[in-house]
file start_25.txt (compact mmCIF, C-alpha atoms and all ligand atoms)
# COMPACT_ATOMS: atom_id res chain seq x y z
CA MET A 1049 -10.48 -6.38 -47.58
CA PHE A 1050 -13.37 -8.79 -47.21
CA SER A 1051 -14.82 -6.79 -44.35
CA GLN A 1052 -15.63 -4.06 -46.92
CA LEU A 1053 -18.15 -6.38 -48.57
CA GLN A 1054 -21.85 -5.69 -48.17
CA PRO A 1055 -24.36 -8.55 -47.80
CA VAL A 1056 -26.18 -9.47 -51.01
CA ALA A 1057 -29.86 -10.43 -51.19
CA THR A 1058 -30.45 -14.13 -51.86
CA ASP A 1059 -31.39 -14.99 -55.46
CA PRO A 1060 -35.22 -14.89 -55.64
CA ILE A 1061 -35.50 -18.34 -57.24
CA LEU A 1062 -32.68 -20.26 -55.53
CA GLY A 1063 -33.50 -18.63 -52.16
CA LEU A 1064 -37.01 -20.02 -52.47
CA MET A 1065 -35.60 -23.50 -53.14
CA ALA A 1066 -33.60 -23.32 -49.89
CA ALA A 1067 -36.57 -21.99 -47.87
CA TYR A 1068 -38.78 -24.81 -49.16
CA LYS A 1069 -36.18 -27.40 -48.17
CA GLU A 1070 -36.11 -26.11 -44.60
CA ASP A 1071 -39.90 -25.95 -44.19
CA PRO A 1072 -40.98 -28.81 -41.85
CA ASN A 1073 -44.66 -28.73 -42.99
CA PRO A 1074 -45.41 -32.19 -44.50
CA LEU A 1075 -48.02 -30.59 -46.79
CA LYS A 1076 -45.55 -28.13 -48.33
CA VAL A 1077 -45.70 -27.61 -52.12
CA ASP A 1078 -42.75 -26.45 -54.20
CA LEU A 1079 -43.84 -24.42 -57.22
CA GLY A 1080 -40.64 -22.37 -57.20
CA VAL A 1081 -37.61 -23.43 -59.16
CA GLY A 1082 -38.00 -24.59 -62.77
CA VAL A 1083 -37.23 -28.24 -62.26
CA TYR A 1084 -39.44 -31.03 -63.58
CA LYS A 1085 -41.01 -33.34 -60.99
CA ASP A 1086 -43.03 -36.48 -61.67
CA GLU A 1087 -46.31 -37.59 -60.05
CA GLN A 1088 -44.32 -38.68 -56.98
CA GLY A 1089 -42.77 -35.22 -56.67
CA HIS A 1090 -39.40 -36.64 -57.69
CA THR A 1091 -36.89 -35.34 -60.24
CA ALA A 1092 -35.82 -38.71 -61.59
CA VAL A 1093 -32.87 -39.37 -63.91
CA LEU A 1094 -34.24 -40.17 -67.40
CA ASP A 1095 -33.82 -43.82 -68.41
CA CYS A 1096 -32.08 -42.82 -71.64
CA VAL A 1097 -29.59 -40.84 -69.54
CA LYS A 1098 -28.95 -43.85 -67.28
CA LYS A 1099 -28.21 -45.98 -70.35
CA ALA A 1100 -25.94 -43.33 -71.86
CA GLU A 1101 -24.03 -43.02 -68.57
CA LYS A 1102 -23.47 -46.77 -68.59
CA LEU A 1103 -22.14 -46.54 -72.14
CA ARG A 1104 -19.83 -43.76 -71.08
CA LEU A 1105 -18.39 -45.84 -68.23
CA GLU A 1106 -17.78 -48.72 -70.63
CA GLN A 1107 -16.33 -46.72 -73.50
CA GLU A 1108 -14.43 -43.78 -72.05
CA ASP A 1109 -10.71 -44.43 -72.09
CA SER A 1110 -9.24 -41.04 -71.19
CA LYS A 1111 -9.84 -38.04 -68.97
CA THR A 1112 -7.63 -35.68 -70.94
CA TYR A 1113 -8.90 -32.14 -71.68
CA ILE A 1114 -11.59 -31.89 -74.33
CA GLY A 1115 -10.67 -28.44 -75.67
CA MET A 1116 -12.25 -25.01 -75.41
CA ALA A 1117 -15.21 -25.73 -77.71
CA GLY A 1118 -15.99 -28.84 -75.67
CA ASP A 1119 -17.39 -32.00 -77.19
CA LEU A 1120 -17.54 -31.50 -80.96
CA SER A 1121 -20.00 -34.32 -81.51
CA PHE A 1122 -22.33 -32.77 -78.92
CA ASN A 1123 -21.98 -29.40 -80.66
CA ARG A 1124 -23.04 -30.86 -84.04
CA HIS A 1125 -26.00 -32.63 -82.45
CA ILE A 1126 -27.17 -29.49 -80.65
CA GLU A 1127 -26.93 -27.42 -83.83
CA GLN A 1128 -29.09 -29.98 -85.65
CA LEU A 1129 -31.58 -30.22 -82.83
CA ALA A 1130 -31.97 -26.45 -82.75
CA PHE A 1131 -31.78 -25.44 -86.41
CA GLY A 1132 -33.02 -28.69 -88.00
CA PRO A 1133 -31.79 -29.38 -91.53
CA HIS A 1134 -31.24 -25.67 -92.05
CA LYS A 1135 -29.28 -24.01 -94.85
CA VAL A 1136 -27.22 -22.03 -92.32
CA LEU A 1137 -25.66 -25.29 -91.13
CA LEU A 1138 -25.03 -26.53 -94.68
CA GLU A 1139 -23.46 -23.17 -95.52
CA GLY A 1140 -21.08 -23.49 -92.54
CA ARG A 1141 -22.34 -20.25 -90.94
CA VAL A 1142 -22.68 -21.55 -87.37
CA THR A 1143 -20.02 -22.16 -84.77
CA THR A 1144 -20.84 -23.70 -81.39
CA ALA A 1145 -19.14 -24.18 -78.04
CA HIS A 1146 -20.56 -26.37 -75.33
CA THR A 1147 -20.78 -24.54 -72.04
CA PRO A 1148 -21.39 -25.14 -68.33
CA GLY A 1149 -25.21 -24.95 -68.50
CA GLY A 1150 -27.45 -22.48 -70.29
CA THR A 1151 -26.29 -19.81 -67.84
CA GLY A 1152 -22.70 -20.43 -68.96
CA ALA A 1153 -23.87 -20.08 -72.57
CA LEU A 1154 -25.46 -16.71 -71.78
CA ARG A 1155 -22.34 -15.46 -70.00
CA VAL A 1156 -20.10 -16.49 -72.90
CA ALA A 1157 -22.57 -14.83 -75.29
CA ALA A 1158 -22.44 -11.63 -73.23
CA GLU A 1159 -18.62 -11.52 -73.32
CA PHE A 1160 -18.68 -12.28 -77.05
CA ILE A 1161 -21.12 -9.38 -77.64
CA LYS A 1162 -18.86 -7.08 -75.64
CA LYS A 1163 -15.89 -8.03 -77.83
CA ALA A 1164 -17.90 -7.40 -80.99
CA ASN A 1165 -19.46 -4.13 -79.80
CA PRO A 1166 -18.45 -2.79 -76.36
CA ASP A 1167 -21.27 -0.21 -76.60
CA ALA A 1168 -24.03 -2.72 -77.26
CA THR A 1169 -27.17 -2.59 -75.14
CA ILE A 1170 -28.94 -5.88 -74.62
CA TRP A 1171 -32.75 -5.66 -74.57
CA VAL A 1172 -34.68 -8.23 -72.57
CA THR A 1173 -38.40 -8.95 -72.36
CA SER A 1174 -40.36 -7.24 -69.59
CA PRO A 1175 -40.45 -9.36 -67.50
CA THR A 1176 -37.71 -11.93 -68.05
CA TRP A 1177 -35.85 -14.64 -66.12
CA ALA A 1178 -34.49 -12.66 -63.14
CA ASN A 1179 -30.96 -13.88 -63.71
CA HIS A 1180 -30.79 -12.53 -67.29
CA ILE A 1181 -30.46 -8.98 -66.04
CA SER A 1182 -27.83 -9.57 -63.35
CA LEU A 1183 -25.89 -11.90 -65.61
CA PHE A 1184 -25.61 -9.41 -68.47
CA GLN A 1185 -24.87 -6.52 -66.13
CA ALA A 1186 -22.15 -8.57 -64.44
CA ALA A 1187 -20.57 -9.01 -67.87
CA GLY A 1188 -20.56 -5.21 -68.26
CA LEU A 1189 -23.40 -4.91 -70.79
CA LYS A 1190 -26.05 -2.24 -70.59
CA VAL A 1191 -29.46 -3.87 -70.12
CA LYS A 1192 -32.84 -2.40 -71.12
CA GLU A 1193 -36.30 -3.91 -71.24
CA TYR A 1194 -38.81 -4.03 -74.09
CA SER A 1195 -42.55 -4.49 -73.49
CA TYR A 1196 -43.65 -8.10 -73.60
CA TYR A 1197 -46.26 -9.25 -71.09
CA ASP A 1198 -49.49 -7.44 -70.28
CA TYR A 1199 -50.44 -8.10 -66.65
CA SER A 1200 -53.97 -6.79 -67.15
CA THR A 1201 -54.94 -8.94 -70.15
CA LYS A 1202 -52.65 -11.81 -69.07
CA GLY A 1203 -51.42 -12.03 -72.62
CA LEU A 1204 -48.76 -10.58 -74.85
CA ASN A 1205 -48.45 -6.79 -74.91
CA GLU A 1206 -48.21 -7.04 -78.67
CA GLU A 1207 -48.61 -3.46 -79.78
CA ALA A 1208 -46.21 -2.05 -77.19
CA MET A 1209 -43.70 -4.82 -77.89
CA PHE A 1210 -43.52 -4.10 -81.61
CA ALA A 1211 -43.43 -0.35 -80.98
CA ASP A 1212 -40.45 -0.82 -78.62
CA LEU A 1213 -38.65 -3.18 -81.00
CA ALA A 1214 -39.03 -0.65 -83.81
CA THR A 1215 -36.86 1.81 -81.83
CA ILE A 1216 -33.90 -0.53 -81.23
CA PRO A 1217 -30.87 0.36 -83.33
CA ALA A 1218 -28.40 -1.82 -85.23
CA GLY A 1219 -25.51 -2.76 -82.99
CA ASP A 1220 -27.80 -3.62 -80.08
CA VAL A 1221 -28.86 -7.13 -79.14
CA VAL A 1222 -32.43 -8.28 -78.46
CA LEU A 1223 -32.93 -11.33 -76.28
CA VAL A 1224 -35.98 -13.35 -77.25
CA HIS A 1225 -37.18 -16.58 -75.58
CA ALA A 1226 -37.52 -19.29 -78.25
CA CYS A 1227 -40.38 -20.97 -76.39
CA CYS A 1228 -41.78 -21.49 -72.89
CA HIS A 1229 -41.19 -17.88 -71.88
CA ASN A 1230 -39.67 -17.69 -68.41
CA PRO A 1231 -41.44 -16.46 -66.28
CA SER A 1232 -44.82 -15.87 -68.01
CA GLY A 1233 -45.32 -18.94 -70.23
CA MET A 1234 -46.61 -16.58 -72.98
CA ASP A 1235 -44.91 -17.29 -76.28
CA LEU A 1236 -44.94 -15.52 -79.63
CA ASN A 1237 -47.29 -17.14 -82.14
CA GLU A 1238 -46.32 -17.66 -85.79
CA ALA A 1239 -47.55 -14.26 -86.98
CA GLN A 1240 -45.78 -12.53 -84.10
CA TRP A 1241 -42.52 -14.35 -84.88
CA GLN A 1242 -42.84 -13.15 -88.46
CA LYS A 1243 -43.33 -9.59 -87.37
CA PHE A 1244 -40.48 -9.82 -84.86
CA THR A 1245 -38.25 -11.17 -87.65
CA ALA A 1246 -39.28 -8.44 -90.10
CA ILE A 1247 -38.45 -5.74 -87.53
CA ALA A 1248 -35.10 -7.37 -86.66
CA LYS A 1249 -34.24 -7.41 -90.36
CA GLU A 1250 -35.33 -3.84 -90.95
CA ARG A 1251 -33.69 -2.38 -87.83
CA GLY A 1252 -30.54 -4.51 -88.06
CA PHE A 1253 -30.30 -5.44 -84.37
CA THR A 1254 -28.92 -8.87 -83.47
CA PRO A 1255 -31.30 -11.41 -81.94
CA LEU A 1256 -30.06 -13.51 -79.04
CA VAL A 1257 -32.39 -16.50 -78.86
CA ASP A 1258 -32.52 -18.15 -75.45
CA MET A 1259 -33.83 -21.70 -75.86
CA ALA A 1260 -33.68 -23.28 -72.41
CA TYR A 1261 -36.85 -25.38 -72.79
CA GLN A 1262 -36.84 -26.91 -76.29
CA GLY A 1263 -39.36 -29.76 -76.25
CA PHE A 1264 -41.23 -28.55 -73.17
CA GLY A 1265 -43.72 -26.39 -75.06
CA LEU A 1266 -45.35 -28.06 -78.05
CA GLY A 1267 -42.55 -30.31 -79.34
CA LEU A 1268 -38.88 -30.20 -80.33
CA ASP A 1269 -39.43 -28.77 -83.83
CA VAL A 1270 -42.38 -26.48 -83.09
CA ASP A 1271 -40.50 -24.96 -80.16
CA ALA A 1272 -37.59 -24.09 -82.46
CA ALA A 1273 -39.77 -22.69 -85.29
CA GLY A 1274 -39.20 -19.04 -84.30
CA LEU A 1275 -35.43 -19.55 -84.18
CA ARG A 1276 -35.47 -21.23 -87.60
CA LEU A 1277 -37.53 -18.43 -89.10
CA LEU A 1278 -35.13 -15.84 -87.74
CA ALA A 1279 -32.16 -17.84 -89.08
CA ASN A 1280 -33.76 -17.72 -92.56
CA GLU A 1281 -34.11 -13.99 -92.56
CA VAL A 1282 -31.54 -12.18 -90.44
CA PRO A 1283 -27.81 -12.21 -91.22
CA GLU A 1284 -26.53 -12.87 -87.71
CA LEU A 1285 -27.81 -14.25 -84.45
CA ILE A 1286 -26.72 -15.84 -81.20
CA LEU A 1287 -28.36 -18.94 -79.78
CA CYS A 1288 -28.06 -20.16 -76.18
CA THR A 1289 -29.39 -23.62 -75.38
CA SER A 1290 -29.60 -25.79 -72.31
CA CYS A 1291 -29.94 -29.53 -71.67
CA SER A 1292 -30.96 -28.97 -68.04
CA LYS A 1293 -34.68 -29.37 -68.63
CA ASN A 1294 -35.17 -31.44 -71.79
CA PHE A 1295 -32.53 -34.04 -70.83
CA GLY A 1296 -33.08 -33.54 -67.08
CA LEU A 1297 -29.34 -32.91 -66.69
CA TYR A 1298 -29.65 -29.93 -64.34
CA ARG A 1299 -26.69 -30.54 -62.06
CA GLU A 1300 -24.41 -31.70 -64.86
CA ARG A 1301 -24.43 -28.11 -66.17
CA ILE A 1302 -24.63 -28.66 -69.89
CA GLY A 1303 -25.62 -26.06 -72.48
CA ALA A 1304 -24.25 -24.49 -75.64
CA VAL A 1305 -23.70 -21.16 -77.32
CA SER A 1306 -23.93 -20.94 -81.10
CA ILE A 1307 -22.95 -17.94 -83.20
CA MET A 1308 -24.55 -17.62 -86.63
CA VAL A 1309 -22.63 -15.28 -88.93
CA ALA A 1310 -23.59 -13.62 -92.21
CA GLN A 1311 -21.07 -15.41 -94.45
CA ALA A 1312 -19.08 -18.61 -94.03
CA SER A 1313 -15.87 -16.61 -94.46
CA VAL A 1314 -16.51 -15.06 -91.01
CA THR A 1315 -17.22 -18.32 -89.15
CA GLU A 1316 -13.57 -18.99 -88.28
CA THR A 1317 -13.12 -15.50 -86.85
CA ALA A 1318 -16.27 -15.91 -84.79
CA ARG A 1319 -15.04 -19.30 -83.59
CA THR A 1320 -11.63 -18.02 -82.47
CA ASN A 1321 -13.22 -15.07 -80.66
CA LEU A 1322 -15.70 -17.38 -78.97
CA LEU A 1323 -12.94 -19.71 -77.82
CA ALA A 1324 -10.87 -16.78 -76.55
CA VAL A 1325 -13.83 -15.83 -74.34
CA VAL A 1326 -14.15 -19.39 -73.07
CA ARG A 1327 -10.41 -19.62 -72.35
CA SER A 1328 -10.47 -16.43 -70.32
CA ILE A 1329 -13.42 -17.53 -68.15
CA TYR A 1330 -13.16 -21.27 -67.49
CA SER A 1331 -10.76 -22.57 -70.13
CA MET A 1332 -12.76 -25.67 -71.03
CA PRO A 1333 -16.20 -27.01 -70.15
CA PRO A 1334 -16.84 -30.17 -68.10
CA ALA A 1335 -17.38 -33.21 -70.34
CA HIS A 1336 -19.87 -35.46 -68.60
CA GLY A 1337 -23.21 -33.94 -69.65
CA ALA A 1338 -22.10 -33.47 -73.26
CA ILE A 1339 -20.98 -37.07 -73.59
CA ILE A 1340 -24.32 -38.32 -72.22
CA VAL A 1341 -26.27 -36.20 -74.73
CA SER A 1342 -23.97 -37.29 -77.56
CA HIS A 1343 -24.47 -40.96 -76.69
CA ILE A 1344 -28.24 -40.47 -76.72
CA LEU A 1345 -28.34 -38.57 -80.00
CA ASP A 1346 -25.83 -40.93 -81.66
CA SER A 1347 -28.21 -43.83 -81.10
CA ALA A 1348 -31.58 -44.07 -82.90
CA GLU A 1349 -32.87 -46.24 -80.06
CA LEU A 1350 -31.84 -43.90 -77.26
CA THR A 1351 -33.08 -40.88 -79.23
CA ALA A 1352 -36.51 -42.50 -79.63
CA GLN A 1353 -36.56 -43.23 -75.91
CA TRP A 1354 -35.59 -39.65 -75.13
CA HIS A 1355 -38.40 -38.30 -77.36
CA GLN A 1356 -40.82 -40.47 -75.45
CA GLU A 1357 -39.56 -39.46 -72.01
CA LEU A 1358 -39.62 -35.80 -73.04
CA ALA A 1359 -43.21 -36.16 -74.26
CA VAL A 1360 -44.22 -37.64 -70.91
CA MET A 1361 -42.83 -34.59 -69.09
CA ARG A 1362 -44.41 -32.13 -71.55
CA ASN A 1363 -47.81 -33.84 -71.53
CA ARG A 1364 -47.93 -34.08 -67.74
CA ILE A 1365 -47.38 -30.33 -67.43
CA ASN A 1366 -49.96 -29.57 -70.12
CA ASP A 1367 -52.55 -31.85 -68.47
CA TYR A 1368 -52.06 -29.99 -65.21
CA ARG A 1369 -52.73 -26.65 -66.90
CA GLN A 1370 -56.33 -27.74 -67.48
CA LEU A 1371 -56.52 -29.52 -64.12
CA ILE A 1372 -55.59 -26.31 -62.26
CA ILE A 1373 -58.47 -24.48 -63.98
CA ASP A 1374 -60.92 -27.31 -63.25
CA LYS A 1375 -59.87 -27.67 -59.61
CA LEU A 1376 -60.08 -23.93 -58.94
CA ALA A 1377 -63.56 -23.84 -60.47
CA GLY A 1378 -64.44 -26.87 -58.33
CA GLU A 1379 -63.46 -24.88 -55.23
CA GLY A 1380 -65.84 -22.11 -56.26
CA VAL A 1381 -63.17 -19.69 -57.51
CA LYS A 1382 -64.92 -17.12 -59.71
CA GLN A 1383 -61.85 -15.45 -61.27
CA ASP A 1384 -61.02 -16.44 -64.83
CA PHE A 1385 -57.91 -18.64 -65.01
CA SER A 1386 -58.48 -19.86 -68.58
CA PHE A 1387 -55.30 -18.03 -69.66
CA ILE A 1388 -53.26 -20.87 -68.06
CA THR A 1389 -53.91 -23.14 -71.05
CA LYS A 1390 -52.71 -20.42 -73.43
CA GLN A 1391 -49.27 -20.45 -71.82
CA HIS A 1392 -46.55 -22.96 -72.64
CA GLY A 1393 -43.75 -24.76 -70.89
CA MET A 1394 -42.74 -25.20 -67.31
CA PHE A 1395 -44.25 -21.96 -66.01
CA SER A 1396 -47.46 -20.08 -65.55
CA PHE A 1397 -48.04 -16.60 -64.21
CA LEU A 1398 -51.06 -16.95 -61.90
CA GLY A 1399 -51.55 -13.18 -61.72
CA ILE A 1400 -52.20 -13.13 -57.97
CA ASN A 1401 -50.84 -10.33 -55.80
CA LYS A 1402 -47.89 -10.18 -53.39
CA GLU A 1403 -50.08 -10.50 -50.26
CA GLN A 1404 -51.76 -13.60 -51.65
CA ILE A 1405 -48.40 -15.14 -52.58
CA GLU A 1406 -47.11 -14.40 -49.08
CA GLN A 1407 -50.24 -15.85 -47.47
CA LEU A 1408 -49.92 -19.05 -49.51
CA ARG A 1409 -46.38 -19.39 -48.27
CA LYS A 1410 -47.02 -18.45 -44.62
CA ASP A 1411 -50.30 -20.25 -44.04
CA TYR A 1412 -50.04 -23.18 -46.46
CA SER A 1413 -46.30 -23.67 -47.17
CA ILE A 1414 -46.98 -23.23 -50.89
CA TYR A 1415 -43.89 -21.72 -52.52
CA MET A 1416 -43.90 -19.68 -55.72
CA VAL A 1417 -41.76 -16.85 -57.10
CA GLY A 1418 -42.83 -13.32 -56.05
CA SER A 1419 -44.06 -12.54 -59.57
CA SER A 1420 -46.71 -15.31 -59.09
CA ARG A 1421 -44.73 -17.59 -61.41
CA VAL A 1422 -45.47 -21.23 -60.66
CA SER A 1423 -43.52 -24.22 -61.87
CA ILE A 1424 -46.47 -26.42 -62.80
CA ALA A 1425 -44.54 -29.68 -62.49
CA GLY A 1426 -44.53 -29.15 -58.72
CA LEU A 1427 -48.20 -30.16 -58.72
CA ASN A 1428 -49.34 -33.79 -58.58
CA HIS A 1429 -52.42 -35.78 -57.63
CA SER A 1430 -51.45 -35.73 -53.94
CA ASN A 1431 -51.21 -31.94 -53.65
CA ILE A 1432 -53.45 -30.42 -56.36
CA ASP A 1433 -56.57 -30.39 -54.13
CA TYR A 1434 -54.63 -28.84 -51.26
CA PHE A 1435 -53.28 -26.22 -53.69
CA ALA A 1436 -56.75 -25.45 -55.11
CA LYS A 1437 -58.30 -25.11 -51.63
CA ALA A 1438 -55.49 -22.81 -50.50
CA MET A 1439 -55.86 -20.68 -53.62
CA ALA A 1440 -59.62 -20.45 -53.09
CA ALA A 1441 -59.03 -19.33 -49.51
CA VAL A 1442 -56.56 -16.57 -50.38
CA LEU A 1443 -58.59 -15.37 -53.38
CA LYS A 1444 -61.72 -14.83 -51.25
C1 LIG B 1 -35.73 -21.21 -63.11
O1 LIG B 1 -36.01 -20.20 -63.77
O2 LIG B 1 -36.36 -21.56 -62.10
C2 LIG B 1 -34.59 -22.08 -63.56
O3 LIG B 1 -34.09 -21.64 -64.76
C3 LIG B 1 -33.57 -22.27 -62.51
C4 LIG B 1 -32.71 -21.06 -62.27
O4 LIG B 1 -31.49 -21.21 -62.33
O5 LIG B 1 -33.23 -19.99 -62.00

call {"tool": "encode", "arguments": {"input": "start_25.txt", "output": "structure tokens", "more": "lines below"}}
Ligand code: LMR
result
Amino acid sequence: MFSQLQPVATDPILGLMAAYKEDPNPLKVDLGVGVYKDEQGHTAVLDCVKKAEKLRLEQEDSKTYIGMAGDLSFNRHIEQLAFGPHKVLLEGRVTTAHTPGGTGALRVAAEFIKKANPDATIWVTSPTWANHISLFQAAGLKVKEYSYYDYSTKGLNEEAMFADLATIPAGDVVLVHACCHNPSGMDLNEAQWQKFTAIAKERGFTPLVDMAYQGFGLGLDVDAAGLRLLANEVPELILCTSCSKNFGLYRERIGAVSIMVAQASVTETARTNLLAVVRSIYSMPPAHGAIIVSHILDSAELTAQWHQELAVMRNRINDYRQLIIDKLAGEGVKQDFSFITKQHGMFSFLGINKEQIEQLRKDYSIYMVGSSRVSIAGLNHSNIDYFAKAMAAVLK
């Protein structure tokens, strides 16, 4: 039976991570996978996480199952972090399950959508995180794209986006990135969120908000402003969150899926359907990451420390946005890269072509995704000059 299988192409992002690891060039630069690195090029465990893990070791007295919805205290914390002190929480219109990572949240969301409407099409931004499309298709959903990024202006393709959204019918789902758009770094501004919300309300489609980078853009609350606006106005939505980036808990695989329903009387039905999905895929999520996050958010002291550590990561990335522009100009690059400071979060689209990306990889061991997406945190004071010189050489 297995001999019938055909080889599958390596995932474009994770394949790059493996290729970088194997590259013997001591000057190699990893701008591929969306993982934060500090000035030393290291993905360190946050201090608040270390303290919370210690607490867990001291306090945990059982390894029994935690149930299909996972850690209930974590779920409450994540709802508050995402929605803030929002009426939808007070009204009891949100139900949450903690999941194995943000990817797990998206997969559970996809199965939940299929239960609610087997004919639903899910619309994703063009472009989007490469795994969105395969993940939703693997769950049996139809996937279509709506206009989002304009490669020529290096900004949002606003007119085309709103025109596309205005054709999407009720019963379909529209995925929108809450902040730090992956891969382009181009986010909706306040006016655009308002327009998006008005169209969602008028057309009646269901927004699926993917918030994998809360706190990496402009701050925890600002990054969730679009979600909160939508929650004010539309009757239903789905939210997928991740603690991979903002808590640095990548390998612990901790995320959450939240379903917001129109009336509190429907919450219990949504909850039981959500848990039925979870039970049929992995039964119950792993506990470790959720307990760490709960310990941090239960403690005012650890929460303050987390805010500070998150700000350090966010500010370092934002500082490098300007530094990239300055260094490229310093190397005599004439092209305009000022758009980099208009983008938010872990990523920037450099807008260079496939040959240039390939040359950077072949001649300089500089790794970035084939769309020219760079993970800015891969740059530091030891490699930024090397990067700028290499860019200048390939742009000539
Ligand atoms: C990324 O986009 O690089 C990250 O979200 C990691 C992944 O799983 O692709």

call {"tool": "residues_near_point", "arguments": {"input": "start_25.txt", "point": "(-45.5, -25.0, -58.7)", "cutoff": "9 Å", "atoms": "only C-alpha atoms", "output": "list in words"}}
result
Val1077, Asp1078, Leu1079, Gly1080, Val1081, Gly1082, Phe1395, Ser1396, Ile1414, Tyr1415, Met1416, Arg1421, Val1422, Ser1423, Ile1424, Ala1425, Gly1426 and Leu1427 of chain A

call {"tool": "write_last_selection", "arguments": {"input": "start_25.txt", "atoms": "C-alpha atoms", "output": "PDB file, keeping the file's coordinate frame"}}
result
ATOM      1  CA  VAL A1077     -45.700 -27.610 -52.120  1.00  0.00           C
ATOM      2  CA  ASP A1078     -42.750 -26.450 -54.200  1.00  0.00           C
ATOM      3  CA  LEU A1079     -43.840 -24.420 -57.220  1.00  0.00           C
ATOM      4  CA  GLY A1080     -40.640 -22.370 -57.200  1.00  0.00           C
ATOM      5  CA  VAL A1081     -37.610 -23.430 -59.160  1.00  0.00           C
ATOM      6  CA  GLY A1082     -38.000 -24.590 -62.770  1.00  0.00           C
ATOM      7  CA  PHE A1395     -44.250 -21.960 -66.010  1.00  0.00           C
ATOM      8  CA  SER A1396     -47.460 -20.080 -65.550  1.00  0.00           C
ATOM      9  CA  ILE A1414     -46.980 -23.230 -50.890  1.00  0.00           C
ATOM     10  CA  TYR A1415     -43.890 -21.720 -52.520  1.00  0.00           C
ATOM     11  CA  MET A1416     -43.900 -19.680 -55.720  1.00  0.00           C
ATOM     12  CA  ARG A1421     -44.730 -17.590 -61.410  1.00  0.00           C
ATOM     13  CA  VAL A1422     -45.470 -21.230 -60.660  1.00  0.00           C
ATOM     14  CA  SER A1423     -43.520 -24.220 -61.870  1.00  0.00           C
ATOM     15  CA  ILE A1424     -46.470 -26.420 -62.800  1.00  0.00           C
ATOM     16  CA  ALA A1425     -44.540 -29.680 -62.490  1.00  0.00           C
ATOM     17  CA  GLY A1426     -44.530 -29.150 -58.720  1.00  0.00           C
ATOM     18  CA  LEU A1427     -48.200 -30.160 -58.720  1.00  0.00           C
TER      19      LEU A1427
END

call {"tool": "closest_residue", "arguments": {"input": "start_25.txt", "among": "A:Ile1432, A:Val1056, A:Met1394, A:Ala1335", "to": "Met1234 of chain A", "atoms": "only C-alpha atoms"}}
result
A:Met1394

call {"tool": "closest_residue", "arguments": {"input": "start_25.txt", "among": "A:Leu1064, A:Phe1253, A:Gln1107, A:Pro1148", "to": "Tyr1298 of chain A", "atoms": "all atoms listed in the file"}}
result
A:Pro1148

call {"tool": "closest_atom_pairs", "arguments": {"input": "start_25.txt", "of": "chain A", "to": "ligand LIG 1 (chain B)", "cutoff": "8 Å", "atoms": "all atoms listed in the file", "output": "CSV"}}
result
residue,atom,partner,partner_atom,distance
A:Ile1061,CA,B:LIG1,O5,5.5
A:Leu1062,CA,B:LIG1,O5,6.5
A:Gly1080,CA,B:LIG1,O2,6.6
A:Val1081,CA,B:LIG1,O2,3.7
A:Gly1082,CA,B:LIG1,O2,3.5
A:Val1083,CA,B:LIG1,O2,6.7
A:Thr1151,CA,B:LIG1,O4,7.7
A:Trp1177,CA,B:LIG1,O1,6.0
A:Ala1178,CA,B:LIG1,O5,7.5
A:Asn1179,CA,B:LIG1,O5,6.7
A:Asn1230,CA,B:LIG1,O1,6.4
A:Pro1231,CA,B:LIG1,O1,7.1
A:Ala1260,CA,B:LIG1,O3,7.8
A:Ser1423,CA,B:LIG1,O2,7.6

call {"tool": "write_last_selection", "arguments": {"input": "start_25.txt", "atoms": "C-alpha atoms", "output": "short mmCIF file (atom, residue, chain, number, x, y, z; two decimals), in the coordinates of the input"}}
result
data_model
loop_
_atom_site.label_atom_id
_atom_site.label_comp_id
_atom_site.auth_asym_id
_atom_site.auth_seq_id
_atom_site.Cartn_x
_atom_site.Cartn_y
_atom_site.Cartn_z
CA ILE A 1061 -35.50 -18.34 -57.24
CA LEU A 1062 -32.68 -20.26 -55.53
CA GLY A 1080 -40.64 -22.37 -57.20
CA VAL A 1081 -37.61 -23.43 -59.16
CA GLY A 1082 -38.00 -24.59 -62.77
CA VAL A 1083 -37.23 -28.24 -62.26
CA THR A 1151 -26.29 -19.81 -67.84
CA TRP A 1177 -35.85 -14.64 -66.12
CA ALA A 1178 -34.49 -12.66 -63.14
CA ASN A 1179 -30.96 -13.88 -63.71
CA ASN A 1230 -39.67 -17.69 -68.41
CA PRO A 1231 -41.44 -16.46 -66.28
CA ALA A 1260 -33.68 -23.28 -72.41
CA SER A 1423 -43.52 -24.22 -61.87
#

call {"tool": "residues_around", "arguments": {"input": "start_25.txt", "residues": "Lys1375 of chain A", "least_positions_apart": "4", "cutoff": "8 Å", "atoms": "all atoms listed in the file", "output": "list in words"}}
result
Leu1371, Glu1379, Ile1432, Asp1433 and Ala1436 of chain A

call {"tool": "closest_residue", "arguments": {"input": "start_25.txt", "among": "A:Phe1435, A:Ser1347, A:Lys1293, A:Lys1382", "to": "Val1093 of chain A", "atoms": "all atoms listed in the file"}}
result
A:Lys1293

call {"tool": "closest_residue", "arguments": {"input": "start_25.txt", "among": "A:Met1065, A:Ala1226, A:Ile1365, A:Ile1286", "to": "Asp1269 of chain A", "atoms": "only C-alpha atoms"}}
result
A:Ala1226

call {"tool": "decode", "arguments": {"input": "start_25.txt", "residues": "segment 1180-1188 of chain A", "atoms": "C-alpha atoms", "output": "JSON list (two decimals), in the first residue's frame"}}
result
[["chain", "number", "residue", "atom", "x", "y", "z"],
["A", 1180, "HIS", "CA", -3.36, 28.23, 5.57],
["A", 1181, "ILE", "CA", -4.31, 26.90, 2.17],
["A", 1182, "SER", "CA", -3.08, 23.32, 2.59],
["A", 1183, "LEU", "CA", -4.46, 23.15, 6.10],
["A", 1184, "PHE", "CA", -7.99, 24.18, 5.12],
["A", 1185, "GLN", "CA", -7.95, 22.00, 2.02],
["A", 1186, "ALA", "CA", -6.80, 19.03, 4.10],
["A", 1187, "ALA", "CA", -9.86, 19.59, 6.30],
["A", 1188, "GLY", "CA", -12.04, 19.39, 3.16]]
